[in-house]
>>> print(open('coords.csv').read())   # CSV, C-alpha atoms
chain,number,residue,atom,x,y,z
A,1,MET,CA,-189.7,-44.9,152.4
A,2,HIS,CA,-191.0,-43.4,149.2
A,3,LYS,CA,-192.6,-40.5,151.1
A,4,LEU,CA,-189.3,-39.2,152.5
A,5,LYS,CA,-188.8,-35.6,151.5
A,6,PRO,CA,-185.2,-34.6,150.4
A,7,LEU,CA,-183.5,-31.8,152.2
A,8,THR,CA,-181.0,-29.5,150.6
A,9,PRO,CA,-177.4,-29.3,152.2
A,10,LEU,CA,-178.5,-26.2,154.1
A,11,GLY,CA,-181.4,-28.2,155.6
A,12,SER,CA,-184.3,-26.7,153.7
A,13,HIS,CA,-186.9,-28.0,151.2
A,14,THR,CA,-186.0,-25.4,148.6
A,15,PRO,CA,-182.5,-24.4,147.6
A,16,ARG,CA,-181.4,-21.1,149.1
A,17,VAL,CA,-180.5,-18.1,146.9
A,18,ASP,CA,-178.8,-15.0,148.3
A,19,ARG,CA,-178.5,-11.8,146.3
A,20,ILE,CA,-175.9,-9.5,147.8
A,21,GLY,CA,-175.0,-6.4,145.9
A,22,PRO,CA,-173.6,-7.6,142.5
A,23,PHE,CA,-173.4,-11.3,143.6
A,24,GLU,CA,-175.8,-14.1,143.6
A,25,ILE,CA,-175.0,-17.1,145.7
A,26,ALA,CA,-177.3,-20.0,144.8
A,27,GLU,CA,-177.4,-23.4,146.6
A,28,THR,CA,-177.7,-25.9,143.7
A,29,VAL,CA,-178.9,-29.5,144.2
A,30,GLU,CA,-179.6,-30.6,140.6
A,31,THR,CA,-176.2,-32.1,139.9
A,32,ALA,CA,-175.1,-35.7,140.1
A,33,PHE,CA,-171.4,-36.3,140.7
A,34,ALA,CA,-169.1,-39.3,140.3
A,35,SER,CA,-165.3,-39.5,140.5
A,36,VAL,CA,-163.4,-41.5,138.0
A,37,ALA,CA,-159.9,-42.8,139.0
A,38,ALA,CA,-157.9,-44.5,136.3
A,39,ARG,CA,-156.3,-47.7,137.6
A,40,ASN,CA,-152.6,-48.3,137.4
A,41,GLY,CA,-151.3,-47.7,133.9
A,42,GLN,CA,-154.9,-47.3,132.5
A,43,GLU,CA,-155.0,-43.5,132.1
A,44,ALA,CA,-154.8,-43.5,128.3
A,45,ALA,CA,-157.4,-46.3,128.1
A,46,VAL,CA,-159.8,-44.4,130.4
A,47,ILE,CA,-159.4,-41.2,128.3
A,48,SER,CA,-160.1,-42.9,125.1
A,49,ALA,CA,-163.1,-44.9,126.5
A,50,MET,CA,-164.6,-41.6,127.8
A,51,ALA,CA,-164.1,-40.0,124.4
A,52,GLN,CA,-165.6,-43.0,122.6
A,53,ASN,CA,-168.6,-43.7,124.8
A,54,HIS,CA,-169.5,-40.3,126.2
A,55,GLY,CA,-167.9,-37.9,123.7
A,56,LEU,CA,-166.0,-36.2,126.5
A,57,ASP,CA,-162.3,-35.4,126.3
A,58,LEU,CA,-161.1,-35.7,129.9
A,59,PRO,CA,-159.2,-32.5,130.8
A,60,VAL,CA,-155.5,-32.0,131.8
A,61,ALA,CA,-154.4,-30.7,135.2
A,62,GLY,CA,-156.3,-27.6,136.3
A,63,LYS,CA,-158.9,-27.8,133.6
A,64,ALA,CA,-162.5,-28.7,133.0
A,65,ALA,CA,-164.4,-30.0,130.0
A,66,GLN,CA,-168.0,-30.2,128.9
A,67,ALA,CA,-169.7,-32.5,126.3
A,68,GLY,CA,-173.5,-32.0,126.1
A,69,LYS,CA,-174.9,-32.6,129.6
A,70,LEU,CA,-171.8,-34.3,130.9
A,71,ALA,CA,-168.9,-32.3,132.4
A,72,ALA,CA,-165.7,-33.3,134.1
A,73,PHE,CA,-162.9,-31.5,135.8
A,74,TRP,CA,-159.4,-32.7,136.8
A,75,ILE,CA,-159.0,-33.4,140.5
A,76,SER,CA,-155.7,-35.3,140.8
A,77,PRO,CA,-153.3,-37.2,138.6
A,78,SER,CA,-155.4,-39.8,136.6
A,79,GLN,CA,-158.5,-38.7,138.5
A,80,TRP,CA,-161.5,-36.6,137.4
A,81,MET,CA,-164.8,-35.5,138.9
A,82,CYS,CA,-167.7,-36.0,136.5
A,83,ALA,CA,-170.9,-34.0,136.8
A,84,ALA,CA,-174.3,-34.2,135.0
A,85,PRO,CA,-177.9,-33.1,135.7
A,86,HIS,CA,-179.4,-35.2,138.4
A,87,GLU,CA,-182.7,-35.4,136.5
A,88,THR,CA,-181.2,-37.2,133.5
A,89,HIS,CA,-178.1,-38.8,135.2
A,90,GLU,CA,-179.2,-39.9,138.6
A,91,LEU,CA,-177.2,-43.1,138.2
A,92,LEU,CA,-174.1,-41.3,136.8
A,93,ALA,CA,-171.6,-43.6,138.6
A,94,GLN,CA,-173.2,-46.8,137.3
A,95,GLN,CA,-173.4,-45.3,133.8
A,96,LEU,CA,-169.8,-44.5,133.8
A,97,LYS,CA,-168.7,-47.8,135.4
A,98,ALA,CA,-170.7,-49.7,132.7
A,99,THR,CA,-168.5,-48.1,129.9
A,100,LEU,CA,-165.2,-47.9,131.8
A,101,GLY,CA,-165.2,-51.4,133.4
A,102,ASP,CA,-162.0,-52.5,135.0
A,103,ARG,CA,-160.0,-49.6,133.6
A,104,ALA,CA,-161.2,-47.2,136.3
A,105,SER,CA,-162.6,-47.0,139.8
A,106,VAL,CA,-165.8,-45.0,139.8
A,107,VAL,CA,-167.3,-43.6,143.0
A,108,GLU,CA,-170.7,-42.0,143.5
A,109,GLN,CA,-170.1,-38.5,145.0
A,110,THR,CA,-173.5,-36.8,144.6
A,111,ASP,CA,-174.5,-36.4,148.3
A,112,ALA,CA,-170.9,-35.9,149.6
A,113,TRP,CA,-170.9,-32.3,148.3
A,114,CYS,CA,-172.8,-29.1,148.6
A,115,ARG,CA,-172.7,-26.9,145.5
A,116,PHE,CA,-172.9,-23.2,145.5
A,117,ASP,CA,-173.1,-21.3,142.2
A,118,VAL,CA,-171.6,-17.8,142.7
A,119,THR,CA,-172.4,-15.4,140.0
A,120,GLY,CA,-171.3,-11.8,139.6
A,121,LYS,CA,-169.1,-9.5,137.6
A,122,LYS,CA,-166.4,-8.9,140.3
A,123,LEU,CA,-166.0,-12.6,141.0
A,124,CYS,CA,-162.2,-12.4,141.5
A,125,ASP,CA,-162.6,-9.6,144.0
A,126,LEU,CA,-164.8,-11.9,146.0
A,127,PHE,CA,-162.7,-15.1,145.8
A,128,GLU,CA,-159.4,-13.4,146.5
A,129,ARG,CA,-160.8,-12.8,149.9
A,130,LEU,CA,-161.8,-16.4,150.4
A,131,THR,CA,-159.1,-18.6,149.0
A,132,LYS,CA,-155.3,-18.9,148.4
A,133,ALA,CA,-155.8,-20.1,144.9
A,134,ASP,CA,-155.0,-17.6,142.2
A,135,VAL,CA,-158.5,-17.1,140.8
A,136,ARG,CA,-157.4,-14.4,138.4
A,137,ALA,CA,-155.2,-17.0,136.7
A,138,MET,CA,-158.3,-19.3,136.3
A,139,PRO,CA,-160.1,-18.5,133.0
A,140,PRO,CA,-163.5,-20.1,132.4
A,141,GLY,CA,-163.0,-23.9,131.9
A,142,SER,CA,-160.5,-24.1,134.9
A,143,ALA,CA,-161.0,-26.0,138.1
A,144,CYS,CA,-158.8,-26.5,141.1
A,145,ARG,CA,-159.0,-27.6,144.7
A,146,SER,CA,-158.0,-25.3,147.5
A,147,THR,CA,-159.3,-24.0,150.8
A,148,VAL,CA,-162.0,-21.6,151.8
A,149,GLU,CA,-162.0,-20.9,155.6
A,150,HIS,CA,-160.1,-24.2,156.3
A,151,LEU,CA,-162.6,-26.2,154.2
A,152,GLY,CA,-161.2,-28.2,151.3
A,153,VAL,CA,-163.3,-27.1,148.3
A,154,PHE,CA,-163.3,-27.4,144.5
A,155,LEU,CA,-163.4,-24.1,142.6
A,156,TRP,CA,-164.8,-24.6,139.1
A,157,ARG,CA,-164.9,-21.5,136.9
A,158,THR,CA,-167.8,-22.2,134.5
A,159,ALA,CA,-168.0,-18.7,133.0
A,160,GLU,CA,-166.4,-15.4,133.2
A,161,ASP,CA,-168.9,-14.3,135.9
A,162,GLN,CA,-169.6,-17.7,137.5
A,163,MET,CA,-167.7,-19.8,139.9
A,164,VAL,CA,-169.1,-23.2,141.1
A,165,VAL,CA,-167.9,-24.0,144.6
A,166,LEU,CA,-168.1,-27.6,145.8
A,167,GLY,CA,-167.6,-28.1,149.6
A,168,PRO,CA,-168.1,-30.9,152.0
A,169,ARG,CA,-171.9,-31.3,152.5
A,170,SER,CA,-171.7,-31.6,156.2
A,171,SER,CA,-170.0,-28.2,156.3
A,172,ALA,CA,-172.5,-26.5,153.9
A,173,ALA,CA,-173.6,-23.9,156.5
A,174,SER,CA,-170.0,-22.9,157.3
A,175,LEU,CA,-169.1,-22.6,153.6
A,176,HIS,CA,-172.3,-20.6,152.9
A,177,HIS,CA,-171.5,-18.3,155.8
A,178,ALA,CA,-168.0,-17.7,154.4
A,179,LEU,CA,-169.4,-16.9,150.9
A,180,VAL,CA,-172.1,-14.6,152.2
A,181,THR,CA,-169.8,-12.7,154.6
A,182,ALA,CA,-167.2,-12.1,151.9
A,183,ALA,CA,-169.9,-10.9,149.5
A,184,ARG,CA,-171.3,-8.5,152.1
A,185,SER,CA,-167.8,-7.1,152.8
A,186,ILE,CA,-167.5,-5.8,149.2
A,187,ALA,CA,-171.2,-5.4,148.1
B,5,MET,CA,-143.9,-19.5,151.0
B,6,ILE,CA,-145.0,-20.5,147.4
B,7,ILE,CA,-144.4,-24.0,146.1
B,8,ASN,CA,-144.3,-24.3,142.3
B,9,HIS,CA,-146.3,-27.5,141.8
B,10,PRO,CA,-145.1,-29.3,138.7
B,11,LEU,CA,-148.7,-29.8,137.4
B,12,LEU,CA,-150.6,-26.9,138.9
B,13,GLY,CA,-148.1,-24.0,139.0
B,14,PRO,CA,-147.4,-21.8,142.0
B,15,ARG,CA,-149.5,-22.7,145.1
B,16,ASP,CA,-149.5,-21.4,148.6
B,17,ALA,CA,-147.6,-23.5,151.1
B,18,GLN,CA,-150.6,-23.5,153.4
B,19,GLU,CA,-152.2,-26.0,151.0
B,20,PHE,CA,-149.4,-28.5,151.8
B,21,THR,CA,-148.3,-30.6,154.7
B,22,TYR,CA,-144.7,-31.5,155.4
B,23,LEU,CA,-143.5,-35.0,156.0
B,24,GLY,CA,-139.7,-34.8,156.2
B,25,ASP,CA,-136.5,-36.0,154.5
B,26,ALA,CA,-137.1,-37.4,151.0
B,27,GLY,CA,-135.0,-40.4,152.1
B,28,LEU,CA,-138.2,-41.8,153.6
B,29,MET,CA,-139.1,-43.0,150.1
B,30,ASN,CA,-136.3,-45.5,150.3
B,31,ARG,CA,-137.8,-48.0,152.7
B,32,PRO,CA,-135.4,-50.9,153.5
B,33,TYR,CA,-136.2,-54.4,152.3
B,34,TRP,CA,-137.7,-56.1,155.3
B,35,LEU,CA,-136.2,-59.5,154.5
B,36,SER,CA,-132.7,-58.2,154.3
B,37,GLU,CA,-130.0,-59.8,156.6
B,38,THR,CA,-129.4,-56.5,158.2
B,39,ALA,CA,-133.0,-55.4,158.3
B,40,LEU,CA,-133.0,-54.5,162.0
B,41,GLN,CA,-130.1,-52.1,161.6
B,42,GLN,CA,-131.4,-50.7,158.4
B,43,PHE,CA,-134.8,-50.0,159.9
B,44,HIS,CA,-133.2,-48.4,162.9
B,45,ASP,CA,-131.3,-46.0,160.6
B,46,TYR,CA,-134.4,-45.4,158.4
B,47,LEU,CA,-136.5,-44.5,161.4
B,48,TYR,CA,-134.2,-42.5,163.6
B,49,LEU,CA,-131.2,-41.1,161.6
B,50,ARG,CA,-131.6,-37.9,159.6
B,51,GLU,CA,-129.3,-35.4,158.1
B,52,ASN,CA,-130.0,-31.9,159.4
B,53,PRO,CA,-128.2,-29.7,156.8
B,54,ALA,CA,-128.0,-26.0,156.9
B,55,GLY,CA,-128.5,-25.6,153.2
B,56,GLU,CA,-130.0,-27.7,150.4
B,57,HIS,CA,-132.4,-30.3,151.7
B,58,ARG,CA,-134.6,-32.7,149.7
B,59,GLU,CA,-137.9,-33.2,151.5
B,60,LEU,CA,-141.4,-34.7,151.0
B,61,TRP,CA,-144.4,-32.4,150.9
B,62,PHE,CA,-148.1,-33.5,150.5
B,63,HIS,CA,-150.5,-31.3,148.6
B,64,GLU,CA,-153.3,-32.2,151.0
B,65,GLN,CA,-155.6,-29.3,150.3
B,66,GLY,CA,-155.0,-29.6,146.6
B,67,ASP,CA,-154.6,-32.5,144.3
B,68,ARG,CA,-153.2,-34.8,147.0
B,69,SER,CA,-150.0,-35.5,145.2
B,70,TRP,CA,-146.7,-36.1,147.0
B,71,LEU,CA,-143.9,-33.8,146.0
B,72,VAL,CA,-140.1,-33.9,146.4
B,73,VAL,CA,-139.1,-30.3,147.2
B,74,THR,CA,-135.5,-29.3,147.2
B,75,ARG,CA,-135.3,-26.4,149.6
B,76,ASN,CA,-132.5,-24.3,151.1
B,77,THR,CA,-133.2,-24.5,154.8
B,78,VAL,CA,-131.2,-21.3,155.4
B,79,THR,CA,-132.9,-19.0,152.9
B,80,HIS,CA,-136.1,-21.0,152.4
B,81,GLU,CA,-135.5,-20.7,148.7
B,82,ILE,CA,-137.2,-23.5,146.8
B,83,LEU,CA,-134.8,-24.8,144.1
B,84,LYS,CA,-136.7,-27.7,142.6
B,85,VAL,CA,-140.1,-29.4,142.8
B,86,GLU,CA,-140.8,-32.8,141.4
B,87,LEU,CA,-143.6,-35.3,141.7
B,88,ALA,CA,-142.5,-38.0,144.2
B,89,ARG,CA,-144.0,-40.5,141.8
B,90,ASP,CA,-141.7,-39.5,139.0
B,91,VAL,CA,-138.7,-39.6,141.4
B,92,ALA,CA,-139.6,-43.1,142.6
B,93,LEU,CA,-140.2,-44.4,139.0
B,94,ALA,CA,-136.8,-42.9,137.9
B,95,GLN,CA,-135.1,-44.6,140.9
B,96,LYS,CA,-136.7,-47.9,140.0
B,97,ALA,CA,-135.7,-47.6,136.4
B,98,ALA,CA,-132.1,-46.7,137.4
B,99,ASN,CA,-132.0,-49.8,139.8
B,100,LEU,CA,-133.2,-52.0,137.0
B,101,VAL,CA,-130.3,-50.8,134.7
B,102,GLN,CA,-127.8,-51.4,137.5
B,103,GLU,CA,-128.9,-54.9,138.5
B,104,PRO,CA,-127.6,-56.9,135.5
B,105,SER,CA,-124.0,-55.7,136.3
B,106,GLN,CA,-124.2,-56.7,139.9
>>> encode(input="coords.csv", output="structure tokens")
Amino acid sequence: MHKLKPLTPLGSHTPRVDRIGPFEIAETVETAFASVAARNGQEAAVISAMAQNHGLDLPVAGKAAQAGKLAAFWISPSQWMCAAPHETHELLAQQLKATLGDRASVVEQTDAWCRFDVTGKKLCDLFERLTKADVRAMPPGSACRSTVEHLGVFLWRTAEDQMVVLGPRSSAASLHHALVTAARSIA
Amino acid sequence: MIINHPLLGPRDAQEFTYLGDAGLMNRPYWLSETALQQFHDYLYLRENPAGEHRELWFHEQGDRSWLVVTRNTVTHEILKVELARDVALAQKAANLVQEPSQ
């Protein structure tokens, strides 16, 4: 078993990077994900436990937060997606569960998603062709869930010129095709 | 159509799916003496107003919250949007206040 070689969501041994005009669309595999859902009536307790144990202030609706290597964005009432580098936080879900205990349900999400980092100055021009979400009203540090070509995706604005797109891993090729096609149409 | 989500602001209606009359939140008590009649009414009888209508919408391609949307079925104007959870909790609280007087 130890000799198995990991494949990226697009099915290759190395993550794919496309440079199209002003845009770079990079398949990214180095992030571990875990979702945290506060149990009934435990939202405040989860927020304070995250702040105490991980130094992270869990964000309000539509927002993202970062503390050192650990990041989180809001996905639903009393629910957050946490992200951290896979190299240092391969067991992110277990690490979070250890500190949150019965206050929250934590689910490993790493291999459920494909992640594309889309970088470029005219980011909003690109995403207004792809999604119904109002990306111009999303400053850096915002995140939301919407659709891109009928796929449910998370859009996470990490910088003025960077949008992280998380889509279902099994639809990675379709999502990649959508991103590349939209980028070509305005490049 | 744009639905003004109470937490997320204006969102396109394509992100939502529609369930129906908000009365569906008031499921009859199954051990009631008249449960059969109540469940018949719950399942089959709906108001079909030309005008203001309270209905349940699910933000399926968003944060997956249930909303109670008050919409004018003639003009499609959306008059009010609330989290179904808040509506249900408010109802529960109102019932608790009523009970002692019964």
>>> atom_distance(input="coords.csv", atom1="CA of Gly13 (chain B)", atom2="CA of Cys144 (chain A)")
11.2 Å
>>> residues_around(input="coords.csv", residues="Glu56 (chain B)", least_positions_apart="2", cutoff="8 Å", atoms="only C-alpha atoms", output="number ranges by chain")
B: 53-54, 58, 74-77
>>> atom_distance(input="coords.csv", atom1="CA of Ala61 (chain A)", atom2="CA of Pro77 (chain A)")
7.4 Å
>>> residues_around(input="coords.csv", residues="Gln94 (chain A)", least_positions_apart="2", cutoff="12 Å", atoms="all atoms listed in the file", output="PyMOL selection string")
chain A and resi 32-36+89-92+96-101+105-109
>>> write_last_selection(input="coords.csv", atoms="C-alpha atoms", output="PDB file, in the frame of the given file")
ATOM      1  CA  ALA A  32    -175.100 -35.700 140.100  1.00  0.00           C
ATOM      2  CA  PHE A  33    -171.400 -36.300 140.700  1.00  0.00           C
ATOM      3  CA  ALA A  34    -169.100 -39.300 140.300  1.00  0.00           C
ATOM      4  CA  SER A  35    -165.300 -39.500 140.500  1.00  0.00           C
ATOM      5  CA  VAL A  36    -163.400 -41.500 138.000  1.00  0.00           C
ATOM      6  CA  HIS A  89    -178.100 -38.800 135.200  1.00  0.00           C
ATOM      7  CA  GLU A  90    -179.200 -39.900 138.600  1.00  0.00           C
ATOM      8  CA  LEU A  91    -177.200 -43.100 138.200  1.00  0.00           C
ATOM      9  CA  LEU A  92    -174.100 -41.300 136.800  1.00  0.00           C
ATOM     10  CA  LEU A  96    -169.800 -44.500 133.800  1.00  0.00           C
ATOM     11  CA  LYS A  97    -168.700 -47.800 135.400  1.00  0.00           C
ATOM     12  CA  ALA A  98    -170.700 -49.700 132.700  1.00  0.00           C
ATOM     13  CA  THR A  99    -168.500 -48.100 129.900  1.00  0.00           C
ATOM     14  CA  LEU A 100    -165.200 -47.900 131.800  1.00  0.00           C
ATOM     15  CA  GLY A 101    -165.200 -51.400 133.400  1.00  0.00           C
ATOM     16  CA  SER A 105    -162.600 -47.000 139.800  1.00  0.00           C
ATOM     17  CA  VAL A 106    -165.800 -45.000 139.800  1.00  0.00           C
ATOM     18  CA  VAL A 107    -167.300 -43.600 143.000  1.00  0.00           C
ATOM     19  CA  GLU A 108    -170.700 -42.000 143.500  1.00  0.00           C
ATOM     20  CA  GLN A 109    -170.100 -38.500 145.000  1.00  0.00           C
TER      21      GLN A 109
END
>>> atom_distance(input="coords.csv", atom1="CA of Arg50 (chain B)", atom2="CA of Gly27 (chain B)")
8.6 Å
>>> interface_residues(input="coords.csv", of="chain A", to="chain B", cutoff="7 Å", atoms="all atoms listed in the file", output="ChimeraX atom specification")
/A:61-62,75-76,132-133,145-147,152
>>> residues_around(input="coords.csv", residues="Pro15 (chain A)", least_positions_apart="3", cutoff="7 Å", atoms="only C-alpha atoms", output="ChimeraX atom specification")
/A:8,12,27-28
>>> closest_residue(input="coords.csv", among="A:Glu149, A:Asp125, A:Asp134, A:Asp111", to="Ser170 (chain A)", atoms="all atoms listed in the file")
A:Asp111
>>> residues_around(input="coords.csv", residues="region 84-96 of chain B", least_positions_apart="2", cutoff="8 Å", atoms="all atoms listed in the file", output="ChimeraX atom specification")
/B:7-10,29,60,69-75,82,98-100
>>> write_last_selection(input="coords.csv", atoms="C-alpha atoms", output="short mmCIF file (atom, residue, chain, number, x, y, z; two decimals), keeping the file's coordinate frame")
data_model
loop_
_atom_site.label_atom_id
_atom_site.label_comp_id
_atom_site.auth_asym_id
_atom_site.auth_seq_id
_atom_site.Cartn_x
_atom_site.Cartn_y
_atom_site.Cartn_z
CA ILE B 7 -144.40 -24.00 146.10
CA ASN B 8 -144.30 -24.30 142.30
CA HIS B 9 -146.30 -27.50 141.80
CA PRO B 10 -145.10 -29.30 138.70
CA MET B 29 -139.10 -43.00 150.10
CA LEU B 60 -141.40 -34.70 151.00
CA SER B 69 -150.00 -35.50 145.20
CA TRP B 70 -146.70 -36.10 147.00
CA LEU B 71 -143.90 -33.80 146.00
CA VAL B 72 -140.10 -33.90 146.40
CA VAL B 73 -139.10 -30.30 147.20
CA THR B 74 -135.50 -29.30 147.20
CA ARG B 75 -135.30 -26.40 149.60
CA ILE B 82 -137.20 -23.50 146.80
CA ALA B 98 -132.10 -46.70 137.40
CA ASN B 99 -132.00 -49.80 139.80
CA LEU B 100 -133.20 -52.00 137.00
#
>>> residues_around(input="coords.csv", residues="Cys114 (chain A)", least_positions_apart="5", cutoff="10 Å", atoms="only C-alpha atoms", output="ChimeraX atom specification")
/A:8-10,27-29,31,153,165-173,175-176
>>> write_last_selection(input="coords.csv", atoms="C-alpha atoms", output="CSV table (one decimal), in the frame of the given file")
chain,number,residue,atom,x,y,z
A,8,THR,CA,-181.0,-29.5,150.6
A,9,PRO,CA,-177.4,-29.3,152.2
A,10,LEU,CA,-178.5,-26.2,154.1
A,27,GLU,CA,-177.4,-23.4,146.6
A,28,THR,CA,-177.7,-25.9,143.7
A,29,VAL,CA,-178.9,-29.5,144.2
A,31,THR,CA,-176.2,-32.1,139.9
A,153,VAL,CA,-163.3,-27.1,148.3
A,165,VAL,CA,-167.9,-24.0,144.6
A,166,LEU,CA,-168.1,-27.6,145.8
A,167,GLY,CA,-167.6,-28.1,149.6
A,168,PRO,CA,-168.1,-30.9,152.0
A,169,ARG,CA,-171.9,-31.3,152.5
A,170,SER,CA,-171.7,-31.6,156.2
A,171,SER,CA,-170.0,-28.2,156.3
A,172,ALA,CA,-172.5,-26.5,153.9
A,173,ALA,CA,-173.6,-23.9,156.5
A,175,LEU,CA,-169.1,-22.6,153.6
A,176,HIS,CA,-172.3,-20.6,152.9
>>> closest_residue(input="coords.csv", among="A:Cys82, A:Pro22, A:Ala104, A:Ala93", to="Val46 (chain A)", atoms="only C-alpha atoms")
A:Ala104
>>> closest_residue(input="coords.csv", among="B:Val78, B:Gln102, B:Phe62, B:His57", to="Phe20 (chain B)", atoms="only C-alpha atoms")
B:Phe62
>>> decode(input="coords.csv", residues="region 2-75 of chain A", atoms="C-alpha atoms", output="PDB file, in the first residue's frame")
ATOM      1  CA  HIS A   2       2.776   2.437   0.847  1.00  0.00           C
ATOM      2  CA  LYS A   3       3.932   2.517  -2.762  1.00  0.00           C
ATOM      3  CA  LEU A   4       0.648   3.958  -4.112  1.00  0.00           C
ATOM      4  CA  LYS A   5       1.173   7.228  -5.924  1.00  0.00           C
ATOM      5  CA  PRO A   6      -1.357   9.988  -5.250  1.00  0.00           C
ATOM      6  CA  LEU A   7      -3.175  11.481  -8.228  1.00  0.00           C
ATOM      7  CA  THR A   8      -4.385  15.066  -8.388  1.00  0.00           C
ATOM      8  CA  PRO A   9      -8.125  15.725  -8.901  1.00  0.00           C
ATOM      9  CA  LEU A  10      -7.452  16.188 -12.627  1.00  0.00           C
ATOM     10  CA  GLY A  11      -5.833  12.746 -12.694  1.00  0.00           C
ATOM     11  CA  SER A  12      -2.185  13.651 -13.058  1.00  0.00           C
ATOM     12  CA  HIS A  13       0.902  13.200 -10.908  1.00  0.00           C
ATOM     13  CA  THR A  14       1.626  16.909 -10.839  1.00  0.00           C
ATOM     14  CA  PRO A  15      -0.909  19.689 -10.291  1.00  0.00           C
ATOM     15  CA  ARG A  16      -1.915  21.442 -13.475  1.00  0.00           C
ATOM     16  CA  VAL A  17      -1.264  25.136 -14.026  1.00  0.00           C
ATOM     17  CA  ASP A  18      -2.828  27.072 -16.915  1.00  0.00           C
ATOM     18  CA  ARG A  19      -1.739  30.587 -17.820  1.00  0.00           C
ATOM     19  CA  ILE A  20      -4.301  32.271 -20.019  1.00  0.00           C
ATOM     20  CA  GLY A  21      -3.796  35.949 -20.777  1.00  0.00           C
ATOM     21  CA  PRO A  22      -3.783  37.781 -17.438  1.00  0.00           C
ATOM     22  CA  PHE A  23      -5.044  34.744 -15.501  1.00  0.00           C
ATOM     23  CA  GLU A  24      -3.372  31.820 -13.825  1.00  0.00           C
ATOM     24  CA  ILE A  25      -5.547  28.832 -12.951  1.00  0.00           C
ATOM     25  CA  ALA A  26      -3.633  26.503 -10.649  1.00  0.00           C
ATOM     26  CA  GLU A  27      -4.825  23.156  -9.407  1.00  0.00           C
ATOM     27  CA  THR A  28      -3.794  23.052  -5.745  1.00  0.00           C
ATOM     28  CA  VAL A  29      -3.457  19.874  -3.714  1.00  0.00           C
ATOM     29  CA  GLU A  30      -1.561  21.022  -0.635  1.00  0.00           C
ATOM     30  CA  THR A  31      -4.542  21.922   1.535  1.00  0.00           C
ATOM     31  CA  ALA A  32      -6.234  19.822   4.189  1.00  0.00           C
ATOM     32  CA  PHE A  33      -9.896  20.606   4.872  1.00  0.00           C
ATOM     33  CA  ALA A  34     -12.262  19.801   7.716  1.00  0.00           C
ATOM     34  CA  SER A  35     -15.750  21.084   8.386  1.00  0.00           C
ATOM     35  CA  VAL A  36     -16.799  22.100  11.875  1.00  0.00           C
ATOM     36  CA  ALA A  37     -20.501  22.138  12.766  1.00  0.00           C
ATOM     37  CA  ALA A  38     -21.457  23.420  16.198  1.00  0.00           C
ATOM     38  CA  ARG A  39     -23.954  21.123  17.882  1.00  0.00           C
ATOM     39  CA  ASN A  40     -27.316  22.427  19.055  1.00  0.00           C
ATOM     40  CA  GLY A  41     -26.835  25.487  21.248  1.00  0.00           C
ATOM     41  CA  GLN A  42     -23.037  25.147  21.242  1.00  0.00           C
ATOM     42  CA  GLU A  43     -22.111  27.847  18.739  1.00  0.00           C
ATOM     43  CA  ALA A  44     -20.695  30.280  21.313  1.00  0.00           C
ATOM     44  CA  ALA A  45     -18.760  27.467  23.020  1.00  0.00           C
ATOM     45  CA  VAL A  46     -17.237  26.358  19.699  1.00  0.00           C
ATOM     46  CA  ILE A  47     -16.235  29.918  18.818  1.00  0.00           C
ATOM     47  CA  SER A  48     -14.503  30.439  22.154  1.00  0.00           C
ATOM     48  CA  ALA A  49     -12.822  26.994  22.035  1.00  0.00           C
ATOM     49  CA  MET A  50     -11.439  27.739  18.555  1.00  0.00           C
ATOM     50  CA  ALA A  51     -10.158  31.125  19.729  1.00  0.00           C
ATOM     51  CA  GLN A  52      -8.561  29.628  22.854  1.00  0.00           C
ATOM     52  CA  ASN A  53      -7.005  26.522  21.346  1.00  0.00           C
ATOM     53  CA  HIS A  54      -6.198  27.603  17.802  1.00  0.00           C
ATOM     54  CA  GLY A  55      -6.124  31.392  18.037  1.00  0.00           C
ATOM     55  CA  LEU A  56      -8.731  31.582  15.286  1.00  0.00           C
ATOM     56  CA  ASP A  57     -11.814  33.783  15.479  1.00  0.00           C
ATOM     57  CA  LEU A  58     -14.448  31.895  13.503  1.00  0.00           C
ATOM     58  CA  PRO A  59     -15.939  34.317  10.966  1.00  0.00           C
ATOM     59  CA  VAL A  60     -19.513  35.570  10.572  1.00  0.00           C
ATOM     60  CA  ALA A  61     -21.718  34.829   7.547  1.00  0.00           C
ATOM     61  CA  GLY A  62     -20.001  35.401   4.215  1.00  0.00           C
ATOM     62  CA  LYS A  63     -16.557  35.915   5.726  1.00  0.00           C
ATOM     63  CA  ALA A  64     -13.247  34.081   6.097  1.00  0.00           C
ATOM     64  CA  ALA A  65     -10.554  34.304   8.749  1.00  0.00           C
ATOM     65  CA  GLN A  66      -6.916  33.322   9.037  1.00  0.00           C
ATOM     66  CA  ALA A  67      -4.657  32.679  12.023  1.00  0.00           C
ATOM     67  CA  GLY A  68      -1.162  31.503  11.179  1.00  0.00           C
ATOM     68  CA  LYS A  69      -1.485  28.407   9.016  1.00  0.00           C
ATOM     69  CA  LEU A  70      -5.109  27.753   9.930  1.00  0.00           C
ATOM     70  CA  ALA A  71      -7.915  29.393   7.958  1.00  0.00           C
ATOM     71  CA  ALA A  72     -11.682  29.081   8.148  1.00  0.00           C
ATOM     72  CA  PHE A  73     -14.625  30.348   6.196  1.00  0.00           C
ATOM     73  CA  TRP A  74     -18.331  30.404   7.026  1.00  0.00           C
ATOM     74  CA  ILE A  75     -20.402  27.858   5.090  1.00  0.00           C
TER      75      ILE A  75
END
